[in-house]
Amino acid sequence: MPYSFPLGPYHPALEEPFKVKVQCRGEVIDSATVEVGFSFRGIELLAQKRNWVEVITLIERVCGICSNTHAMTFCMAAETIAGIEIPKRAAHIRTIIAELERLHSHLLWAGVGAEDIGFHSLFMEVFSLRELVMDTLEAISGNRVNYGMNCIGGVHRDIPDPMRYLPALDALSKGLAEIVIPTFTENPTALARTRGVGRLSREQAVEWAVVGPVARASGLDIDVRKDQPYLSYAALGFESVTRPEGDVLARVVVRALEMVESIRLIREALLSLPAGPLRATEGLPEIPVGEATIRTEAPRGEAFYYVASEGGATPARVKIRTPSFVNIPAIEAMVTGQPLADLSIIQASVDPCISCTDR
Amino acid sequence: MNTVWSYLIAFAVWPGLLFAAPLGWLELWFMRKLVARLQGRRGPPFFQPFFDFMKLLGKQTVIPRGVSRGIFLALPLVSVGAVTAALAIVPLPGNPVPSLPGDVVLLLYLMEVPVLCEVLAGYVSRSIYGQVAAMREALLSLAYNLPFLVAIIAMAQEAGSFRMSALQAAPYGIVHLLAGVTFLLALPARMKLNPFSIANAEHEIVADSHIEYSGPPLALFKLSHAVELVLLTELFAVVFIPATPWPLVNLLVYLAAGILVLGGVTLLATATARLRLAQAFRFYWVWGGIASAVTMAATLVR
Amino acid sequence: MAMLKTILGNLLRPSRTRAPADMPDVPTVYRGALAHDAARCTACGTCAFVCAPKAISFTQDPGVSVSWHFFIGQCSFCGLCAQNCPTQAISLDAEVPTGMNSAAGDGLRLESIVRLQPCTRCGAAHVPLPDAAIAALWGVEEAERGYCPDCRRWAASARLRSAFIPAAAEEVHHER
């Protein structure tokens, strides 16, 4: 007897409100529909009513996890319009914060993923590792989320003593190598829940136009950091991680190896932090008439910003396309034909960020 | 008259509710504390399961619209009654109830009642989550009952009697060991612990089959679960641990064995993820089946 | 079995849960309680301009004072006010802010009054510049210290004029 089973909008498996409504036959999912729009805030419109400084604070609140990515991408767009080149030190600091944020996001995801397969102990371990990243971010920026590091033309805050953060990175890579990665890839019960589950083939990945770790786990080697290096990625030598399998396990592995790569990038950026000013401009920014599109690699994939200026006190248009916005529809392709028990881990495996999607 | 009184005492006092409830809470606390320590947390204070029970008693009972009030409220009562009656049959030292021929069969039937009650509770709740949980619970009981029943029946075969006291007094042998392992195999699923906790997977179906229960009826279900823990661990101890001639020593050994079994099961639960229904089912029919076959073969070979 | 090793290790280690008394260290750059120094404020309005949630506002009592207002319920602790303040009158201290807001709107409200001073030349009420800024711009002993913005502009143009037309310098002195 077919029945429909709602996951969401308020459900223990979700951190944020969205809805996957599935039609089931026994324990097998026949079809699924995804609904979003439960936390719409109209940030794109609000951005047109705030001046160029206020709008950074606003844009930073598009997402609670990848907040820095949004503020940074917006600032990069404004800098492109105004023709500002940010100092080397500022680019390094932005890279460090962006990669720390990726660690924070991926660790949060690993914890939620562990929780979704009923692995509470792994959740505890992952979240205690995540605390190291949060402490580092707080020590640098003064806040655990919404770091407020970016301004048009550079960064607000310096990293005066880069060596201070290396022990936390060592502890983090030790925890990843000894606990998180072996448990996800070797524990038989964890493997039973992730291997071969929620498969998205390379062709499907192209068809649904997924980005970020979801695309890379399906064998698509797309990463803005590699394809169109920005900030200090070219100087630091970034290498992307891909897996061909396209299942939940592949997404776990891609994120885990990306964390290892992020730790390497942060370490190198801290060690090679160039001297120099933090900002290219003084005072409040003045953005001339113009428009710019900027792509950056957010933790969940490619973030796209279009910013237009008419030379006034406020942006004329801010268009935000977040990675989750394109990844979430692919859940429909992933869950069809899968057991109902895997619905929560499959929807979690694309790391849906609903605040981003709804904006 | 005397027999009636002894049954009443066995049901209400020892080894029934008055002792089993605190013992169940103690065991629940032990499991929660152990899980917390294994995960590097502090864990709840000693009286926490009791506090939970008292708090639930003071809460409002909400009965979903369209649900039969009688059956909704009767299910937890039947569950507690059955599991306590089952415990009253277990020949723990000092149990006033005499062992009757065929009480093993009665025990096995009574032990199925709480599972049935949970399945029914899920189905009558009119909640899709509760119904999925009930379906999983029912299917899982088909799986874990294979090794569970075989372990007890093999012991009955070994002892040559369906009398609990005979099972307890059976001379120790290889069958004890094999049947004990088979019994332990079924234990995590019976206790609804990881990796076989798919029926109460809060991340998919929000809660277990009592999702629509609240207040005192939920407290009774929780109490039933606590008494069931005592029943399962003490049943294991009584049947598979060799008895000494001294009742007090027996009692201490049984309690220690119960805690030890819970510790092992908790350790397993903490180190694993939750298996899917089909995977749990396959595990029990393959590994539980093999263990059952070996156990039965051992009883027949002798 | 990495997980088994980890959880057995946890059993031997003390708990990671921290008690309320065992607070983690607050980093020195922590963006906490907001403080405003009226003596350094020039009421230029930059903080209100950059404050996205509009937690900062100004009110005027014409001729007497300018009041700087802050409501914690709207503050997002982004720190832009402190970053952009030209005279460093606002600071976010590494202390946990007190009086967080509830639904009743009873959060901390700060008011800091910047007294207007009469101009030493024309008498018009104006916001005095902070001493450090004056010392940097005009030196310690300069007569222009107490001037209002209009009179400072006048004085500047007068200096220019006397530099170009030395004779005009006489007139300036007479006028005074």
# chains A, B, ... in the order shown; residues from 1 in each chain; ligands from 1
>>> interface_residues(of="chain A", to="chain B", cutoff="9 Å", atoms="only C-alpha atoms", output="count of residues only")
35
>>> closest_atom_pairs(of="chain A", to="chain C", cutoff="9 Å", atoms="only C-alpha atoms", output="Markdown table")
| residue | atom | partner | partner_atom | distance |
| --- | --- | --- | --- | --- |
| A:Arg50 | CA | C:Ala52 | CA | 7.2 |
| A:Asn51 | CA | C:Val50 | CA | 7.6 |
| A:Trp52 | CA | C:Val50 | CA | 8.5 |
| A:Val53 | CA | C:Val50 | CA | 5.6 |
| A:Glu54 | CA | C:Ala52 | CA | 4.4 |
| A:Val55 | CA | C:Ala52 | CA | 7.0 |
| A:Ile56 | CA | C:Ala52 | CA | 8.5 |
| A:Thr57 | CA | C:Ala52 | CA | 6.3 |
| A:Leu58 | CA | C:Ala52 | CA | 6.7 |
| A:Ser121 | CA | C:Ile7 | CA | 7.6 |
| A:Leu122 | CA | C:Met3 | CA | 7.5 |
| A:Glu125 | CA | C:Thr6 | CA | 8.7 |
| A:Ser128 | CA | C:Arg16 | CA | 8.5 |
| A:Asp135 | CA | C:Pro27 | CA | 8.9 |
| A:Glu138 | CA | C:Pro27 | CA | 7.1 |
| A:Ala139 | CA | C:Pro27 | CA | 5.3 |
| A:Ile140 | CA | C:Val29 | CA | 7.3 |
| A:Ser141 | CA | C:Val29 | CA | 6.7 |
| A:Gly142 | CA | C:Tyr30 | CA | 3.7 |
| A:Asn143 | CA | C:Tyr30 | CA | 6.3 |
| A:Asn146 | CA | C:Cys78 | CA | 7.6 |
| A:Tyr147 | CA | C:Cys78 | CA | 7.6 |
| A:Gly148 | CA | C:Cys78 | CA | 5.7 |
| A:His156 | CA | C:Gln83 | CA | 7.3 |
| A:Glu178 | CA | C:Ala2 | CA | 7.0 |
| A:Ile179 | CA | C:Ala2 | CA | 5.9 |
| A:Val180 | CA | C:Ala2 | CA | 8.5 |
| A:Pro182 | CA | C:Ala2 | CA | 6.3 |
| A:Thr183 | CA | C:Ala2 | CA | 5.9 |
| A:Glu186 | CA | C:Met1 | CA | 7.5 |
| A:Asn187 | CA | C:Met1 | CA | 6.6 |
| A:Gly283 | CA | C:Asn84 | CA | 7.4 |
| A:Leu284 | CA | C:Asn84 | CA | 7.9 |
>>> residues_around(residues="stretch 151-163 of chain B", least_positions_apart="3", cutoff="8 Å", atoms="only C-alpha atoms", output="list in words")
Ser99, Leu100, Pro101, Gly102, Asp103, Val104, Val105, Pro147, Phe148, Ala166, Leu167, Ala170, Val175, His176, Ala179, Gly180, Thr182, Phe183, Val239, Ser292, Thr295, Met296 and Thr299 of chain B
>>> write_last_selection(atoms="C-alpha atoms", output="short mmCIF file (atom, residue, chain, number, x, y, z; two decimals), in the first residue's frame")
data_model
loop_
_atom_site.label_atom_id
_atom_site.label_comp_id
_atom_site.auth_asym_id
_atom_site.auth_seq_id
_atom_site.Cartn_x
_atom_site.Cartn_y
_atom_site.Cartn_z
CA SER B 99 7.96 -23.43 39.41
CA LEU B 100 5.20 -25.06 37.36
CA PRO B 101 5.55 -27.45 34.48
CA GLY B 102 5.47 -25.54 31.22
CA ASP B 103 6.17 -22.11 32.75
CA VAL B 104 8.94 -21.58 30.20
CA VAL B 105 6.29 -21.47 27.48
CA PRO B 147 17.93 -16.80 18.05
CA PHE B 148 16.03 -15.71 21.18
CA ALA B 166 14.85 -27.41 35.65
CA LEU B 167 16.53 -25.00 33.25
CA ALA B 170 20.56 -28.18 34.38
CA VAL B 175 25.02 -26.18 25.25
CA HIS B 176 24.91 -23.51 27.96
CA ALA B 179 22.77 -21.08 23.78
CA GLY B 180 24.11 -18.22 25.91
CA THR B 182 22.75 -17.14 20.80
CA PHE B 183 20.70 -15.41 23.51
CA VAL B 239 19.33 -19.75 32.65
CA SER B 292 20.62 -21.25 16.32
CA THR B 295 22.98 -24.62 19.29
CA MET B 296 20.22 -26.99 18.29
CA THR B 299 21.60 -30.31 22.03
#
>>> residues_around(residues="B:Cys117", least_positions_apart="2", cutoff="10 Å", atoms="only C-alpha atoms", output="ChimeraX atom specification")
/B:71-72,74-80,82,112-115,119-123,134,209-210,221
>>> write_last_selection(atoms="N, CA, C and O atoms", output="PDB file, in the first residue's frame")
ATOM      1  N   ILE B  71      -8.308   1.489  24.039  1.00  0.00           N
ATOM      2  CA  ILE B  71      -7.132   0.707  23.641  1.00  0.00           C
ATOM      3  C   ILE B  71      -5.866   1.530  23.817  1.00  0.00           C
ATOM      4  O   ILE B  71      -4.826   1.019  24.235  1.00  0.00           O
ATOM      5  N   PHE B  72      -5.971   2.853  23.593  1.00  0.00           N
ATOM      6  CA  PHE B  72      -4.808   3.736  23.724  1.00  0.00           C
ATOM      7  C   PHE B  72      -4.278   3.690  25.154  1.00  0.00           C
ATOM      8  O   PHE B  72      -3.073   3.626  25.376  1.00  0.00           O
ATOM      9  N   ALA B  74      -5.125   1.298  27.462  1.00  0.00           N
ATOM     10  CA  ALA B  74      -4.940  -0.064  27.970  1.00  0.00           C
ATOM     11  C   ALA B  74      -3.572  -0.622  27.585  1.00  0.00           C
ATOM     12  O   ALA B  74      -2.984  -1.384  28.351  1.00  0.00           O
ATOM     13  N   LEU B  75      -3.065  -0.239  26.402  1.00  0.00           N
ATOM     14  CA  LEU B  75      -1.826  -0.840  25.901  1.00  0.00           C
ATOM     15  C   LEU B  75      -0.653  -0.725  26.881  1.00  0.00           C
ATOM     16  O   LEU B  75      -0.014  -1.741  27.178  1.00  0.00           O
ATOM     17  N   PRO B  76      -0.358   0.485  27.428  1.00  0.00           N
ATOM     18  CA  PRO B  76       0.765   0.541  28.364  1.00  0.00           C
ATOM     19  C   PRO B  76       0.526  -0.302  29.612  1.00  0.00           C
ATOM     20  O   PRO B  76       1.468  -0.911  30.131  1.00  0.00           O
ATOM     21  N   LEU B  77      -0.717  -0.349  30.105  1.00  0.00           N
ATOM     22  CA  LEU B  77      -1.026  -1.139  31.298  1.00  0.00           C
ATOM     23  C   LEU B  77      -0.774  -2.617  31.032  1.00  0.00           C
ATOM     24  O   LEU B  77      -0.148  -3.308  31.839  1.00  0.00           O
ATOM     25  N   VAL B  78      -1.266  -3.085  29.880  1.00  0.00           N
ATOM     26  CA  VAL B  78      -1.071  -4.493  29.520  1.00  0.00           C
ATOM     27  C   VAL B  78       0.422  -4.794  29.413  1.00  0.00           C
ATOM     28  O   VAL B  78       0.907  -5.832  29.869  1.00  0.00           O
ATOM     29  N   SER B  79       1.152  -3.848  28.831  1.00  0.00           N
ATOM     30  CA  SER B  79       2.587  -4.039  28.639  1.00  0.00           C
ATOM     31  C   SER B  79       3.295  -4.208  29.983  1.00  0.00           C
ATOM     32  O   SER B  79       4.052  -5.154  30.183  1.00  0.00           O
ATOM     33  N   VAL B  80       3.017  -3.290  30.915  1.00  0.00           N
ATOM     34  CA  VAL B  80       3.657  -3.377  32.235  1.00  0.00           C
ATOM     35  C   VAL B  80       3.211  -4.650  32.936  1.00  0.00           C
ATOM     36  O   VAL B  80       4.026  -5.373  33.533  1.00  0.00           O
ATOM     37  N   ALA B  82       2.188  -7.516  31.699  1.00  0.00           N
ATOM     38  CA  ALA B  82       2.737  -8.738  31.119  1.00  0.00           C
ATOM     39  C   ALA B  82       4.203  -8.897  31.480  1.00  0.00           C
ATOM     40  O   ALA B  82       4.643  -9.989  31.855  1.00  0.00           O
ATOM     41  N   GLU B 112       6.446 -11.738  24.801  1.00  0.00           N
ATOM     42  CA  GLU B 112       6.070 -11.189  23.498  1.00  0.00           C
ATOM     43  C   GLU B 112       5.033 -10.080  23.636  1.00  0.00           C
ATOM     44  O   GLU B 112       4.849  -9.272  22.726  1.00  0.00           O
ATOM     45  N   VAL B 113       4.326 -10.073  24.793  1.00  0.00           N
ATOM     46  CA  VAL B 113       3.223  -9.111  24.940  1.00  0.00           C
ATOM     47  C   VAL B 113       3.674  -7.656  24.845  1.00  0.00           C
ATOM     48  O   VAL B 113       3.066  -6.871  24.121  1.00  0.00           O
ATOM     49  N   PRO B 114       4.774  -7.251  25.541  1.00  0.00           N
ATOM     50  CA  PRO B 114       5.178  -5.842  25.417  1.00  0.00           C
ATOM     51  C   PRO B 114       5.496  -5.447  23.978  1.00  0.00           C
ATOM     52  O   PRO B 114       5.182  -4.333  23.554  1.00  0.00           O
ATOM     53  N   VAL B 115       6.112  -6.359  23.236  1.00  0.00           N
ATOM     54  CA  VAL B 115       6.431  -6.065  21.829  1.00  0.00           C
ATOM     55  C   VAL B 115       5.134  -5.848  21.051  1.00  0.00           C
ATOM     56  O   VAL B 115       4.994  -4.872  20.300  1.00  0.00           O
ATOM     57  N   VAL B 119       3.787  -2.503  19.043  1.00  0.00           N
ATOM     58  CA  VAL B 119       3.364  -2.530  17.645  1.00  0.00           C
ATOM     59  C   VAL B 119       1.959  -1.956  17.524  1.00  0.00           C
ATOM     60  O   VAL B 119       1.683  -1.084  16.685  1.00  0.00           O
ATOM     61  N   LEU B 120       1.073  -2.400  18.421  1.00  0.00           N
ATOM     62  CA  LEU B 120      -0.305  -1.899  18.383  1.00  0.00           C
ATOM     63  C   LEU B 120      -0.335  -0.404  18.677  1.00  0.00           C
ATOM     64  O   LEU B 120      -1.061   0.350  18.032  1.00  0.00           O
ATOM     65  N   ALA B 121       0.496   0.028  19.651  1.00  0.00           N
ATOM     66  CA  ALA B 121       0.532   1.453  20.006  1.00  0.00           C
ATOM     67  C   ALA B 121       0.899   2.276  18.787  1.00  0.00           C
ATOM     68  O   ALA B 121       0.348   3.356  18.562  1.00  0.00           O
ATOM     69  N   GLY B 122       1.842   1.760  17.998  1.00  0.00           N
ATOM     70  CA  GLY B 122       2.232   2.489  16.783  1.00  0.00           C
ATOM     71  C   GLY B 122       1.099   2.516  15.779  1.00  0.00           C
ATOM     72  O   GLY B 122       0.809   3.553  15.180  1.00  0.00           O
ATOM     73  N   TYR B 123       0.421   1.370  15.622  1.00  0.00           N
ATOM     74  CA  TYR B 123      -0.618   1.308  14.598  1.00  0.00           C
ATOM     75  C   TYR B 123      -1.855   2.119  14.972  1.00  0.00           C
ATOM     76  O   TYR B 123      -2.482   2.718  14.098  1.00  0.00           O
ATOM     77  N   ALA B 134       5.993   0.971  13.984  1.00  0.00           N
ATOM     78  CA  ALA B 134       5.318  -0.276  14.344  1.00  0.00           C
ATOM     79  C   ALA B 134       5.649  -1.359  13.334  1.00  0.00           C
ATOM     80  O   ALA B 134       5.924  -2.511  13.713  1.00  0.00           O
ATOM     81  N   SER B 209       7.573   3.774  18.437  1.00  0.00           N
ATOM     82  CA  SER B 209       6.152   3.619  18.140  1.00  0.00           C
ATOM     83  C   SER B 209       5.263   4.335  19.142  1.00  0.00           C
ATOM     84  O   SER B 209       4.076   4.504  18.893  1.00  0.00           O
ATOM     85  N   HIS B 210       5.799   4.777  20.301  1.00  0.00           N
ATOM     86  CA  HIS B 210       4.928   5.550  21.201  1.00  0.00           C
ATOM     87  C   HIS B 210       5.017   7.035  20.923  1.00  0.00           C
ATOM     88  O   HIS B 210       5.002   7.836  21.847  1.00  0.00           O
ATOM     89  N   PHE B 221       4.897   2.994  29.667  1.00  0.00           N
ATOM     90  CA  PHE B 221       5.698   2.336  28.637  1.00  0.00           C
ATOM     91  C   PHE B 221       7.172   2.346  29.020  1.00  0.00           C
ATOM     92  O   PHE B 221       7.891   1.368  28.824  1.00  0.00           O
TER      93      PHE B 221
END
>>> select_by_dssp(residues="stretch 115-160 of chain A", states="helix (DSSP H, G or I)", output="VMD selection string")
chain A and resid 115 to 116 120 to 141
>>> atom_distance(atom1="atom CA of A:Cys356", atom2="atom CA of A:Pro17")
11.7 Å
>>> residues_around(residues="B:Gly263", least_positions_apart="4", cutoff="12 Å", atoms="only C-alpha atoms", output="PyMOL selection string")
chain B and resi 27-35+37-38+188+233+256-259+267-270
>>> write_last_selection(atoms="C-alpha atoms", output="mmCIF file, in the first residue's frame")
data_model
loop_
_atom_site.group_PDB
_atom_site.id
_atom_site.type_symbol
_atom_site.label_atom_id
_atom_site.label_comp_id
_atom_site.auth_asym_id
_atom_site.auth_seq_id
_atom_site.Cartn_x
_atom_site.Cartn_y
_atom_site.Cartn_z
ATOM 1 C CA GLU B 27 20.101 -0.443 35.097
ATOM 2 C CA LEU B 28 18.838 2.363 32.861
ATOM 3 C CA TRP B 29 20.961 4.834 34.774
ATOM 4 C CA PHE B 30 23.964 2.545 34.485
ATOM 5 C CA MET B 31 23.520 2.315 30.719
ATOM 6 C CA ARG B 32 23.058 6.043 30.281
ATOM 7 C CA LYS B 33 26.003 6.839 32.522
ATOM 8 C CA LEU B 34 28.196 4.336 30.695
ATOM 9 C CA VAL B 35 27.213 5.719 27.286
ATOM 10 C CA ARG B 37 31.360 8.262 29.892
ATOM 11 C CA LEU B 38 32.223 6.374 26.708
ATOM 12 C CA PRO B 188 20.556 -5.711 21.494
ATOM 13 C CA THR B 233 19.253 -9.644 32.063
ATOM 14 C CA ALA B 256 26.484 -8.766 38.665
ATOM 15 C CA ALA B 257 25.956 -10.850 35.537
ATOM 16 C CA GLY B 258 23.029 -8.634 34.560
ATOM 17 C CA ILE B 259 25.119 -5.466 34.896
ATOM 18 C CA LEU B 267 29.547 -0.858 24.578
ATOM 19 C CA LEU B 268 28.336 -2.417 21.335
ATOM 20 C CA ALA B 269 25.615 0.196 20.990
ATOM 21 C CA THR B 270 28.086 3.039 21.520
#
>>> residues_around(residues="stretch 286-290 of chain B", least_positions_apart="4", cutoff="8 Å", atoms="only C-alpha atoms", output="PyMOL selection string")
chain B and resi 144+146-147+182+185-186+282+294
>>> residues_around(residues="C:Ser65", least_positions_apart="2", cutoff="7 Å", atoms="only C-alpha atoms", output="PyMOL selection string")
chain C and resi 60-63+67+113-116
>>> atom_distance(atom1="atom CA of A:Thr80", atom2="atom CA of A:Cys353")
27.3 Å
>>> atom_distance(atom1="atom CA of C:Ser112", atom2="atom CA of A:Asn150")
28.9 Å
>>> closest_residue(among="C:Cys81, C:Arg18, C:Ala125, C:Arg152", to="chain B", atoms="only C-alpha atoms")
C:Arg18
